[in-house]
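Asker: To be precise about what I am sending: the file is called input.txt and holds compact mmCIF, C-alpha atoms and all ligand atoms.
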```
# COMPACT_ATOMS: atom_id res chain seq x y z
CA MET S 1 -101.45 25.56 137.97
CA ASN S 2 -100.38 22.78 140.34
CA LEU S 3 -103.73 21.07 140.72
CA THR S 4 -105.20 18.72 138.15
CA ARG S 5 -108.36 16.71 137.74
CA ALA S 6 -106.65 13.84 139.60
CA ASP S 7 -106.65 15.94 142.81
CA PHE S 8 -110.47 15.90 142.93
CA PRO S 9 -112.89 13.08 143.65
CA GLU S 10 -113.98 10.83 140.80
CA GLY S 11 -116.91 12.45 139.01
CA PHE S 12 -116.12 16.02 140.13
CA LEU S 13 -117.13 18.28 137.24
CA PHE S 14 -115.13 21.12 135.75
CA GLY S 15 -116.98 23.72 133.77
CA ALA S 16 -116.93 27.18 132.28
CA ALA S 17 -119.70 29.77 132.51
CA THR S 18 -121.00 32.66 130.39
CA SER S 19 -124.31 34.51 130.11
CA SER S 20 -126.53 35.48 127.22
CA TYR S 21 -126.50 39.30 127.28
CA GLN S 22 -122.77 39.38 128.01
CA ILE S 23 -121.74 37.44 124.91
CA GLU S 24 -124.48 36.87 122.32
CA GLY S 25 -125.18 40.26 120.76
CA HIS S 26 -128.73 41.37 121.37
CA ALA S 27 -128.92 43.32 118.11
CA PHE S 28 -129.20 39.98 116.32
CA GLY S 29 -131.84 37.33 115.83
CA GLY S 30 -134.96 39.28 116.75
CA ALA S 31 -134.15 39.76 120.46
CA GLY S 32 -136.30 42.32 122.26
CA ARG S 33 -135.04 45.38 124.10
CA THR S 34 -133.83 44.73 127.64
CA HIS S 35 -133.57 46.91 130.71
CA TRP S 36 -129.77 46.75 130.30
CA ASP S 37 -130.14 48.56 126.95
CA ASP S 38 -132.17 51.20 128.78
CA PHE S 39 -129.73 51.45 131.68
CA ALA S 40 -126.68 51.69 129.40
CA ALA S 41 -128.35 54.49 127.40
CA THR S 42 -127.99 56.92 130.32
CA PRO S 43 -124.51 58.46 130.28
CA GLY S 44 -122.54 57.58 133.39
CA ASN S 45 -124.22 54.27 134.17
CA VAL S 46 -121.82 52.08 132.18
CA VAL S 47 -118.18 52.67 131.25
CA ARG S 48 -118.13 54.44 127.85
CA GLY S 49 -121.90 53.91 127.63
CA GLU S 50 -121.36 50.41 126.25
CA ASP S 51 -124.16 47.87 125.85
CA GLY S 52 -124.62 44.28 124.70
CA ALA S 53 -125.76 45.02 121.13
CA ILE S 54 -122.83 43.11 119.61
CA ALA S 55 -120.93 41.83 122.67
CA CYS S 56 -118.80 38.85 121.53
CA ASP S 57 -121.08 38.20 118.54
CA HIS S 58 -121.48 34.72 119.97
CA TYR S 59 -124.82 34.53 118.15
CA HIS S 60 -122.90 34.19 114.87
CA ARG S 61 -119.80 32.47 116.24
CA LEU S 62 -121.43 29.68 118.18
CA ASP S 63 -119.45 26.81 116.67
CA GLU S 64 -116.10 28.53 117.10
CA ASP S 65 -116.89 29.22 120.77
CA LEU S 66 -118.12 25.69 121.42
CA ASP S 67 -114.87 24.38 119.91
CA LEU S 68 -112.93 26.59 122.34
CA LEU S 69 -114.94 25.13 125.19
CA GLN S 70 -114.22 21.62 124.07
CA GLY S 71 -110.52 22.46 123.79
CA LEU S 72 -110.58 23.57 127.44
CA ASN S 73 -111.34 19.95 128.43
CA VAL S 74 -114.29 20.94 130.61
CA ASP S 75 -117.18 18.57 131.29
CA VAL S 76 -120.02 21.04 131.47
CA TYR S 77 -120.97 24.48 130.15
CA ARG S 78 -123.07 26.91 132.16
CA PHE S 79 -124.92 29.21 129.74
CA SER S 80 -128.07 31.26 130.04
CA THR S 81 -131.08 31.80 127.83
CA SER S 82 -132.25 35.36 127.26
CA TRP S 83 -135.83 36.13 128.22
CA ALA S 84 -135.88 39.04 125.77
CA ARG S 85 -134.52 36.94 122.90
CA VAL S 86 -137.17 34.28 123.31
CA LEU S 87 -140.10 36.52 124.34
CA PRO S 88 -139.30 40.00 123.00
CA GLU S 89 -142.43 41.39 124.70
CA GLY S 90 -141.75 39.41 127.86
CA ARG S 91 -144.93 37.39 127.42
CA GLY S 92 -147.02 36.01 124.58
CA GLN S 93 -145.46 35.86 121.12
CA VAL S 94 -142.41 33.62 120.94
CA ASN S 95 -139.46 34.58 118.71
CA SER S 96 -138.80 31.21 117.09
CA GLU S 97 -135.35 32.30 115.88
CA GLY S 98 -134.38 32.72 119.52
CA LEU S 99 -135.50 29.24 120.48
CA ASP S 100 -133.77 27.83 117.41
CA PHE S 101 -130.51 29.40 118.59
CA TYR S 102 -130.69 27.70 121.99
CA ASP S 103 -131.63 24.46 120.30
CA ARG S 104 -128.44 24.65 118.19
CA LEU S 105 -126.44 25.57 121.28
CA VAL S 106 -127.63 22.54 123.24
CA ASP S 107 -127.14 20.17 120.33
CA GLY S 108 -123.69 21.65 119.70
CA LEU S 109 -122.73 20.93 123.31
CA LEU S 110 -124.02 17.37 123.23
CA ALA S 111 -122.23 16.71 119.94
CA ARG S 112 -118.98 17.75 121.66
CA GLY S 113 -119.62 15.57 124.70
CA LEU S 114 -120.39 18.54 126.99
CA LYS S 115 -123.21 18.72 129.52
CA PRO S 116 -125.55 21.74 129.06
CA ALA S 117 -126.13 23.58 132.37
CA LEU S 118 -128.90 26.09 131.77
CA THR S 119 -129.58 29.29 133.70
CA LEU S 120 -132.98 30.81 132.95
CA TYR S 121 -132.31 34.40 134.00
CA HIS S 122 -129.00 36.21 133.90
CA TRP S 123 -130.37 39.75 133.98
CA GLU S 124 -131.79 40.60 130.55
CA LEU S 125 -135.28 41.57 131.62
CA PRO S 126 -137.43 42.62 128.63
CA SER S 127 -138.00 46.39 128.77
CA VAL S 128 -141.74 45.85 128.36
CA LEU S 129 -141.79 44.04 131.70
CA ALA S 130 -139.58 46.66 133.30
CA ASP S 131 -142.23 49.20 132.28
CA LEU S 132 -144.75 47.18 134.27
CA GLY S 133 -142.57 47.42 137.36
CA GLY S 134 -140.21 44.53 136.63
CA TRP S 135 -139.12 42.74 139.80
CA ARG S 136 -141.26 45.12 141.90
CA ASN S 137 -144.42 43.63 140.42
CA ARG S 138 -145.63 40.43 142.07
CA ASP S 139 -146.94 39.20 138.70
CA ILE S 140 -143.34 38.63 137.65
CA ALA S 141 -143.41 35.30 139.47
CA GLN S 142 -145.91 33.95 136.95
CA TRP S 143 -144.36 35.78 133.97
CA PHE S 144 -141.04 34.14 134.83
CA ALA S 145 -142.56 30.68 135.31
CA ASP S 146 -144.31 30.98 131.93
CA TYR S 147 -141.07 32.01 130.21
CA ALA S 148 -139.23 29.15 131.95
CA THR S 149 -141.84 26.73 130.66
CA VAL S 150 -141.37 27.96 127.08
CA ILE S 151 -137.65 27.28 127.37
CA MET S 152 -138.05 23.87 128.97
CA ASP S 153 -140.62 22.79 126.40
CA ARG S 154 -137.96 23.34 123.74
CA ILE S 155 -134.64 22.28 125.30
CA GLY S 156 -135.59 20.72 128.66
CA ASP S 157 -135.28 17.22 127.21
CA ARG S 158 -131.54 17.73 126.61
CA VAL S 159 -130.20 19.99 129.35
CA TRP S 160 -128.23 18.43 132.19
CA SER S 161 -129.26 20.94 134.86
CA THR S 162 -131.42 24.04 135.18
CA ALA S 163 -130.93 27.02 137.48
CA THR S 164 -133.53 29.75 137.92
CA ILE S 165 -132.28 33.28 138.67
CA ASN S 166 -128.58 34.06 138.70
CA GLU S 167 -127.50 35.97 141.81
CA PRO S 168 -130.60 37.28 143.62
CA TRP S 169 -128.46 39.84 145.51
CA CYS S 170 -127.41 41.51 142.25
CA VAL S 171 -130.91 41.39 140.79
CA GLY S 172 -132.39 42.74 144.02
CA TRP S 173 -130.09 44.85 146.17
CA LEU S 174 -127.43 45.96 143.67
CA SER S 175 -130.04 46.93 141.07
CA HIS S 176 -132.73 48.50 143.29
CA PHE S 177 -130.89 49.84 146.35
CA VAL S 178 -127.35 50.62 145.17
CA GLY S 179 -128.53 51.51 141.66
CA ALA S 180 -125.36 50.13 140.06
CA HIS S 181 -127.14 47.65 137.76
CA ALA S 182 -130.30 47.88 135.68
CA PRO S 183 -132.88 49.22 136.36
CA GLY S 184 -130.66 51.55 138.42
CA LEU S 185 -133.13 52.35 141.19
CA ARG S 186 -132.21 53.66 144.64
CA ASP S 187 -135.37 52.94 146.54
CA ILE S 188 -135.84 50.83 149.65
CA ARG S 189 -139.46 49.89 148.96
CA ALA S 190 -138.58 48.78 145.43
CA THR S 191 -135.66 46.81 146.89
CA ALA S 192 -137.72 44.95 149.48
CA ARG S 193 -140.31 44.00 146.90
CA ALA S 194 -137.77 42.97 144.28
CA MET S 195 -135.81 40.83 146.76
CA HIS S 196 -138.94 38.98 147.83
CA HIS S 197 -140.39 38.61 144.33
CA ILE S 198 -137.11 37.18 143.01
CA LEU S 199 -137.41 34.32 145.48
CA LEU S 200 -141.12 33.93 144.79
CA ALA S 201 -140.39 33.77 141.05
CA HIS S 202 -137.68 31.18 141.72
CA GLY S 203 -140.09 28.92 143.61
CA THR S 204 -142.95 29.43 141.18
CA ALA S 205 -140.68 28.50 138.26
CA VAL S 206 -139.24 25.47 140.07
CA GLN S 207 -142.78 24.14 140.53
CA ALA S 208 -143.76 24.92 136.94
CA ILE S 209 -140.76 23.28 135.34
CA ARG S 210 -140.85 20.24 137.62
CA ALA S 211 -144.34 19.76 136.24
CA THR S 212 -142.81 19.56 132.74
CA GLY S 213 -140.70 16.62 133.96
CA ALA S 214 -137.49 18.60 134.42
CA THR S 215 -134.91 17.27 136.88
CA ASN S 216 -131.65 18.49 138.43
CA LEU S 217 -132.94 21.95 139.33
CA GLY S 218 -130.93 24.44 141.35
CA ALA S 219 -130.66 27.92 142.85
CA VAL S 220 -127.57 30.09 142.36
CA CYS S 221 -126.56 32.76 144.88
CA ASN S 222 -123.53 35.00 144.91
CA LEU S 223 -121.91 35.23 148.32
CA GLU S 224 -119.37 37.76 149.56
CA TRP S 225 -117.48 37.29 152.79
CA ALA S 226 -117.91 40.19 155.26
CA THR S 227 -114.95 40.99 157.53
CA PRO S 228 -115.11 43.73 160.20
CA ALA S 229 -112.57 46.43 159.30
CA ASP S 230 -111.35 46.63 162.93
CA ASP S 231 -112.05 45.24 166.40
CA SER S 232 -114.77 47.73 167.32
CA PRO S 233 -118.29 46.49 168.13
CA ALA S 234 -119.63 48.97 165.54
CA SER S 235 -117.58 47.41 162.73
CA LYS S 236 -118.58 43.93 163.84
CA ALA S 237 -122.24 44.95 163.73
CA ALA S 238 -121.77 46.56 160.30
CA ALA S 239 -120.23 43.34 158.94
CA GLU S 240 -123.11 41.30 160.34
CA ARG S 241 -125.65 43.61 158.70
CA TYR S 242 -123.79 43.38 155.39
CA ASP S 243 -123.64 39.58 155.64
CA ALA S 244 -127.34 39.38 156.45
CA ILE S 245 -128.38 41.51 153.48
CA TYR S 246 -125.91 40.06 150.99
CA ASN S 247 -125.83 36.40 151.93
CA ARG S 248 -128.29 35.32 154.60
CA PHE S 249 -131.48 36.89 153.24
CA PHE S 250 -131.52 34.73 150.12
CA MET S 251 -130.07 31.55 151.65
CA GLY S 252 -132.47 31.93 154.57
CA GLY S 253 -135.48 32.42 152.32
CA LEU S 254 -134.59 29.49 150.06
CA PHE S 255 -133.52 26.94 152.66
CA LYS S 256 -135.09 27.96 155.99
CA GLY S 257 -138.24 29.74 154.85
CA ALA S 258 -137.33 32.79 156.93
CA TYR S 259 -135.58 36.14 156.54
CA PRO S 260 -132.92 37.27 159.05
CA ASP S 261 -133.98 39.81 161.70
CA LEU S 262 -131.03 42.02 160.76
CA VAL S 263 -132.61 42.51 157.32
CA LEU S 264 -136.21 42.73 158.49
CA GLU S 265 -135.18 45.60 160.75
CA GLY S 266 -134.79 47.71 157.59
CA LEU S 267 -137.00 46.03 155.02
CA GLU S 268 -139.98 44.58 156.85
CA GLN S 269 -142.30 47.55 156.51
CA HIS S 270 -141.60 47.63 152.77
CA LEU S 271 -142.23 43.96 152.01
CA PRO S 272 -145.47 43.15 150.17
CA SER S 273 -148.33 42.24 152.48
CA GLY S 274 -148.67 38.53 153.13
CA TRP S 275 -144.98 37.87 152.36
CA GLN S 276 -144.82 35.29 155.16
CA ASN S 277 -147.30 33.12 153.25
CA ASP S 278 -144.98 32.76 150.24
CA PHE S 279 -142.34 30.59 151.89
CA GLY S 280 -144.12 27.37 150.94
CA THR S 281 -143.44 28.28 147.30
CA ILE S 282 -140.01 29.82 147.90
CA THR S 283 -138.69 26.69 149.63
CA SER S 284 -139.85 24.33 146.84
CA PRO S 285 -137.16 21.64 146.94
CA VAL S 286 -134.14 22.02 144.67
CA ASP S 287 -131.61 19.34 143.75
CA TRP S 288 -128.48 21.41 144.27
CA CYS S 289 -127.27 24.85 145.29
CA GLY S 290 -124.78 26.93 143.31
CA ILE S 291 -122.44 29.45 144.88
CA ASN S 292 -120.80 32.23 142.91
CA TYR S 293 -117.81 33.58 144.78
CA TYR S 294 -115.28 36.28 143.98
CA THR S 295 -114.20 38.33 146.97
CA ARG S 296 -114.76 39.71 150.45
CA SER S 297 -115.47 43.19 151.82
CA LEU S 298 -114.16 45.01 154.90
CA LEU S 299 -116.93 46.80 156.77
CA THR S 300 -117.23 49.58 159.28
CA GLU S 301 -120.07 51.77 160.48
CA GLY S 302 -121.26 54.26 157.86
CA GLU S 303 -123.21 57.48 157.73
CA GLY S 304 -126.84 58.16 157.00
CA ALA S 305 -129.88 55.91 156.86
CA TRP S 306 -130.09 52.14 157.36
CA PRO S 307 -128.12 49.94 156.74
CA ARG S 308 -125.33 52.34 157.85
CA TYR S 309 -122.30 50.37 156.80
CA ALA S 310 -119.30 51.52 154.81
CA GLN S 311 -116.79 49.49 152.82
CA VAL S 312 -113.12 50.11 153.54
CA GLU S 313 -110.25 49.28 151.23
CA GLY S 314 -108.54 46.05 152.29
CA PRO S 315 -104.85 45.08 152.30
CA LEU S 316 -104.94 41.96 150.09
CA PRO S 317 -103.95 41.72 146.38
CA LYS S 318 -106.77 42.89 144.11
CA ASN S 319 -108.15 42.14 140.67
CA SER S 320 -108.32 44.88 138.03
CA ILE S 321 -111.69 46.03 139.40
CA GLY S 322 -110.27 46.35 142.92
CA TRP S 323 -111.82 43.22 144.46
CA GLU S 324 -109.57 41.55 147.04
CA THR S 325 -108.45 37.97 146.45
CA TYR S 326 -109.60 35.97 149.48
CA PRO S 327 -109.86 32.20 148.80
CA ASP S 328 -110.53 31.35 152.47
CA GLY S 329 -113.94 32.96 152.03
CA LEU S 330 -114.88 30.32 149.46
CA ARG S 331 -113.88 27.47 151.76
CA ASP S 332 -115.69 29.06 154.71
CA PHE S 333 -118.85 29.68 152.68
CA LEU S 334 -118.93 26.07 151.47
CA LEU S 335 -118.67 24.89 155.08
CA ARG S 336 -121.21 27.40 156.38
CA THR S 337 -123.68 26.68 153.57
CA ARG S 338 -123.56 22.96 154.33
CA ASP S 339 -123.73 23.46 158.12
CA GLU S 340 -126.43 26.13 158.28
CA TYR S 341 -128.52 25.81 155.12
CA THR S 342 -128.19 22.87 152.78
CA GLY S 343 -126.91 19.79 154.69
CA ASP S 344 -126.41 16.91 152.26
CA LEU S 345 -127.55 18.80 149.17
CA PRO S 346 -124.90 18.84 146.41
CA LEU S 347 -123.10 22.17 146.08
CA TYR S 348 -121.42 23.60 142.99
CA VAL S 349 -119.16 26.61 142.66
CA THR S 350 -121.11 27.99 139.73
CA GLU S 351 -118.84 31.03 139.20
CA ASN S 352 -115.32 31.98 140.24
CA GLY S 353 -112.64 33.82 138.31
CA MET S 354 -110.57 36.95 138.02
CA ALA S 355 -110.55 40.18 136.05
CA ALA S 356 -106.78 39.87 135.74
CA HIS S 357 -104.06 42.32 134.74
CA ASP S 358 -103.54 40.61 131.36
CA LYS S 359 -100.27 41.42 129.56
CA LEU S 360 -99.64 40.94 125.87
CA GLY S 361 -96.28 39.21 125.28
CA ALA S 362 -93.95 39.99 122.34
CA ASP S 363 -94.82 36.60 120.83
CA GLY S 364 -98.54 37.40 120.95
CA SER S 365 -99.22 35.23 124.00
CA ILE S 366 -101.38 36.68 126.74
CA ASP S 367 -99.75 36.43 130.12
CA ASP S 368 -102.30 36.15 132.93
CA THR S 369 -100.26 34.50 135.66
CA ASP S 370 -102.37 36.25 138.32
CA ARG S 371 -105.55 34.66 136.93
CA GLN S 372 -103.92 31.21 137.06
CA ALA S 373 -102.84 31.77 140.67
CA TYR S 374 -106.33 33.01 141.60
CA ILE S 375 -108.01 29.95 140.10
CA GLY S 376 -105.46 27.57 141.64
CA ASP S 377 -105.93 29.08 145.10
CA HIS S 378 -109.72 28.87 144.87
CA LEU S 379 -109.58 25.28 143.63
CA GLU S 380 -107.42 24.56 146.67
CA ALA S 381 -110.12 26.13 148.87
CA VAL S 382 -112.67 23.80 147.26
CA ARG S 383 -110.43 20.83 148.08
CA GLU S 384 -110.21 21.93 151.70
CA ALA S 385 -114.01 21.99 151.90
CA ILE S 386 -114.21 18.56 150.28
CA ARG S 387 -111.73 17.24 152.85
CA GLU S 388 -114.12 18.55 155.53
CA GLY S 389 -116.86 16.44 153.97
CA VAL S 390 -118.75 19.20 152.13
CA PRO S 391 -120.52 17.68 149.10
CA VAL S 392 -119.03 20.02 146.48
CA GLN S 393 -119.47 18.36 143.11
CA GLY S 394 -118.17 20.86 140.58
CA TYR S 395 -116.40 24.12 139.80
CA PHE S 396 -117.20 26.53 136.96
CA LEU S 397 -114.75 29.15 135.76
CA TRP S 398 -116.11 32.62 135.08
CA SER S 399 -115.59 33.02 132.21
CA LEU S 400 -114.85 31.32 128.89
CA LEU S 401 -114.55 34.63 127.01
CA ASP S 402 -113.83 38.26 127.81
CA ASN S 403 -117.29 39.80 127.62
CA TYR S 404 -119.65 42.64 128.51
CA GLU S 405 -118.87 43.08 132.19
CA TRP S 406 -122.08 45.00 132.98
CA ALA S 407 -121.43 48.47 134.40
CA PHE S 408 -117.69 48.02 133.66
CA GLY S 409 -118.47 47.70 129.94
CA TYR S 410 -115.84 45.82 127.92
CA GLU S 411 -113.00 47.16 130.02
CA LYS S 412 -112.74 44.44 132.67
CA ARG S 413 -111.77 41.03 131.36
CA PHE S 414 -112.56 37.71 133.06
CA GLY S 415 -112.01 35.41 130.06
CA ALA S 416 -109.67 32.47 129.61
CA VAL S 417 -109.96 33.53 125.97
CA HIS S 418 -109.14 37.11 124.96
CA VAL S 419 -111.63 38.84 122.68
CA ASP S 420 -110.59 41.79 120.54
CA PHE S 421 -113.80 43.83 120.57
CA ASP S 422 -112.92 45.58 117.29
CA THR S 423 -112.24 42.48 115.21
CA LEU S 424 -114.00 39.95 117.51
CA LYS S 425 -110.99 37.68 117.13
CA ARG S 426 -110.61 35.10 119.92
CA SER S 427 -107.12 34.33 121.33
CA PRO S 428 -106.67 31.80 124.12
CA LYS S 429 -104.68 33.26 127.02
CA ASN S 430 -101.98 31.35 128.91
CA SER S 431 -104.60 30.44 131.54
CA TYR S 432 -106.65 28.70 128.86
CA HIS S 433 -103.72 26.43 128.02
CA ALA S 434 -102.91 25.81 131.70
CA LEU S 435 -106.52 24.93 132.49
CA ALA S 436 -106.84 22.69 129.46
CA ALA S 437 -103.81 20.76 130.73
CA ALA S 438 -105.16 20.61 134.30
CA PHE S 439 -108.62 19.42 133.20
CA ARG S 440 -107.32 16.81 130.73
CA ARG S 441 -108.91 13.41 131.29
C1 LIG K 1 -121.10 37.86 138.56
C2 LIG K 1 -122.04 37.76 137.38
C3 LIG K 1 -121.35 37.58 136.07
C4 LIG K 1 -120.08 38.38 135.98
C5 LIG K 1 -119.21 38.11 137.19
C6 LIG K 1 -117.88 38.81 137.15
O1 LIG K 1 -121.70 38.62 139.56
O2 LIG K 1 -122.93 36.68 137.54
O3 LIG K 1 -122.27 37.90 135.06
O4 LIG K 1 -120.41 39.72 135.88
O5 LIG K 1 -119.89 38.49 138.34
```
What do you get writing this file as structure tokens?
Answerer:
Amino acid sequence: MNLTRADFPEGFLFGAATSSYQIEGHAFGGAGRTHWDDFAATPGNVVRGEDGAIACDHYHRLDEDLDLLQGLNVDVYRFSTSWARVLPEGRGQVNSEGLDFYDRLVDGLLARGLKPALTLYHWELPSVLADLGGWRNRDIAQWFADYATVIMDRIGDRVWSTATINEPWCVGWLSHFVGAHAPGLRDIRATARAMHHILLAHGTAVQAIRATGATNLGAVCNLEWATPADDSPASKAAAERYDAIYNRFFMGGLFKGAYPDLVLEGLEQHLPSGWQNDFGTITSPVDWCGINYYTRSLLTEGEGAWPRYAQVEGPLPKNSIGWETYPDGLRDFLLRTRDEYTGDLPLYVTENGMAAHDKLGADGSIDDTDRQAYIGDHLEAVREAIREGVPVQGYFLWSLLDNYEWAFGYEKRFGAVHVDFDTLKRSPKNSYHALAAAFRR
């Protein structure tokens, strides 16, 4: 790692990120059933049928994990609260043990001099709400705002920042159109409704929690660069369609109060009636925008029904999932986001990291040179954007720990700290030590 804290502007924040279902262990502490438990229960949805029942057992190992965070020399920790842990039925009765856990988490961060960066939803929808239609049901906007208020009433006085819904594209398109994440639907009407209701829930919650006095509120989108696979007009059009669905729908809704024509061409007739009237709520002002960035895709024209694009394997080095490493996409997204959507609003890279090809050394060390190179190259891309005047104010590594990587189960590892999922022993990898040195104050 060549870069250090000194290569970034004064006050630039370094952080690490995790999420509740991926690390806590939802079998513990009175958490309710989530739609990920349901999804994982169907053979074939998740590698080896794994779920988040135990995960990293973070629920019982909180102090050990917070010590690891502190040892990484980061300034801020991006964690999420679990809707199902706090409201096992999605609404109504609060599980006080759940709130107590997040209270201890926030106090544990503050005691170690770390800023708590809260995300309110990182995908663990209570099954009871999924039964009522989940993100397809317009009422979810108010259910989510009520849940957000319960959280803020307990820890809002001590968190540094609050984000609403992690990665609308994953919650909407990946989960309702591709069917690769819970609830595993493949239905265009469900997709259109979910995508719109996610943004409506975001805006409704922003208004509700501002009313509790909360400040430093943000939206977090995952963006993926779309490159045409060849010079043909058909591939160019396919890449534009992909970009519109993946990136521009959510950024456009949040910051322009409009959806791109290239998406409306497929989704408009499936959107809930009166959708145009919701933009006043959807564009409720936020204080910052977070970008999660990992990779790009190569696109060409596909078969079948809209959106008729196909992904083609690219030539660049890949992570262990097969995602290409393409740091220029991060720089270009930071520039484009500033130029086309957010202007002077502070930006944060709220997730970036690599499922590396970790190798266990004879001395027990974990060699993840490729992860270190990946992080270094993406930090360099952030610097290039800063040099162009983009107001990027922080970078969060995904992730502190190896964890439940959704449909990839425990097989794909993004952590700076290795977790043995049999013994739950934590072992810092070489990247952990390199980052701790780079982030030293
Ligand atoms: C993001 C998710 C995060 C993790 C990383 C690898 O899409 O927010 O939970 O799965 O990808």
Asker: Identify, on the basis of all atoms listed in the file, every residue whose closest approach to region 256-271 of chain S does not exceed 12 Å; exclude the query and any residue fewer than 4 positions from it along the same chain; express the result as a VMD selection string.
Answerer: chain S and resid 136 to 138 173 177 187 to 197 199 to 200 203 237 to 252 275 to 285 305 to 308 337 340 to 343
Asker: When the cut-off is 7 Å and you count only C-alpha atoms and all ligand atoms, which residues lie near ligand LIG 1 (chain K), shown as an mmCIF file with C-alpha atoms, in the coordinates of the input?
Answerer:
```cif
data_model
loop_
_atom_site.group_PDB
_atom_site.id
_atom_site.type_symbol
_atom_site.label_atom_id
_atom_site.label_comp_id
_atom_site.auth_asym_id
_atom_site.auth_seq_id
_atom_site.Cartn_x
_atom_site.Cartn_y
_atom_site.Cartn_z
ATOM 1 C CA SER S 19 -124.310 34.510 130.110
ATOM 2 C CA ASN S 166 -128.580 34.060 138.700
ATOM 3 C CA GLU S 167 -127.500 35.970 141.810
ATOM 4 C CA CYS S 170 -127.410 41.510 142.250
ATOM 5 C CA ASN S 222 -123.530 35.000 144.910
ATOM 6 C CA TRP S 398 -116.110 32.620 135.080
ATOM 7 C CA GLU S 405 -118.870 43.080 132.190
ATOM 8 C CA TRP S 406 -122.080 45.000 132.980
ATOM 9 C CA PHE S 414 -112.560 37.710 133.060
#
```
Asker: Which neighbours of Ile165 (chain S) fall inside 12 Å, counting only C-alpha atoms, when residues of the same chain fewer than 5 positions from it are skipped, and could you give them as a ChimeraX atom specification?
Answerer: /S:19,80-83,118-125,135,141,144-145,148,170-172,195,197-206,217-222,250,289-290
Asker: Nearest residue to Tyr410 (chain S) out of S:Asp37, S:Gly49, S:Ala27, S:Ala381, using all atoms listed in the file?
Answerer: S:Gly49
Asker: Set the distance at 12 Å and use all atoms listed in the file: which residues neighbour Gly353 (chain S) once local chain neighbours fewer than 6 positions away are removed? I'd like the list as a ChimeraX atom specification.
Answerer: /S:15-18,292-295,319-320,323,325-327,330,368,370-379,395-402,413-416,431
Asker: Find the residue from S:Ala226, S:Ile23, S:Ala211, S:Val417 that sits nearest to Ala436 (chain S); use all atoms listed in the file when measuring.
Answerer: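 Under the stated criterion, the closest residue is S:Val417.
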Asker: Under the rule that all atoms listed in the file are counted, which of S:Ala407, S:Leu66, S:Leu87, S:Ala40 is the nearest residue to Asp146 (chain S)?
Answerer: S:Leu87
Asker: Go through S:Asp339, S:Glu89, S:Asp103, S:Glu97 and flag the residue nearest Val128 (chain S), using all atoms listed in the file for the distances.
Answerer: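 Under the stated criterion, the closest residue is S:Glu89.
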Asker: Could you name the residues that touch region 41-48 of chain S at 6 Å or less, counting all atoms listed in the file, but leaving out those on the same chain fewer than 2 positions away, as a ChimeraX atom specification?
Answerer: /S:38-39,50,407-409
Asker: Out of S:Pro9, S:Arg331, S:Gly92, S:Phe421, which residue has the shortest atom-to-atom distance to Glu380 (chain S) when counting all atoms listed in the file?
Answerer: S:Arg331
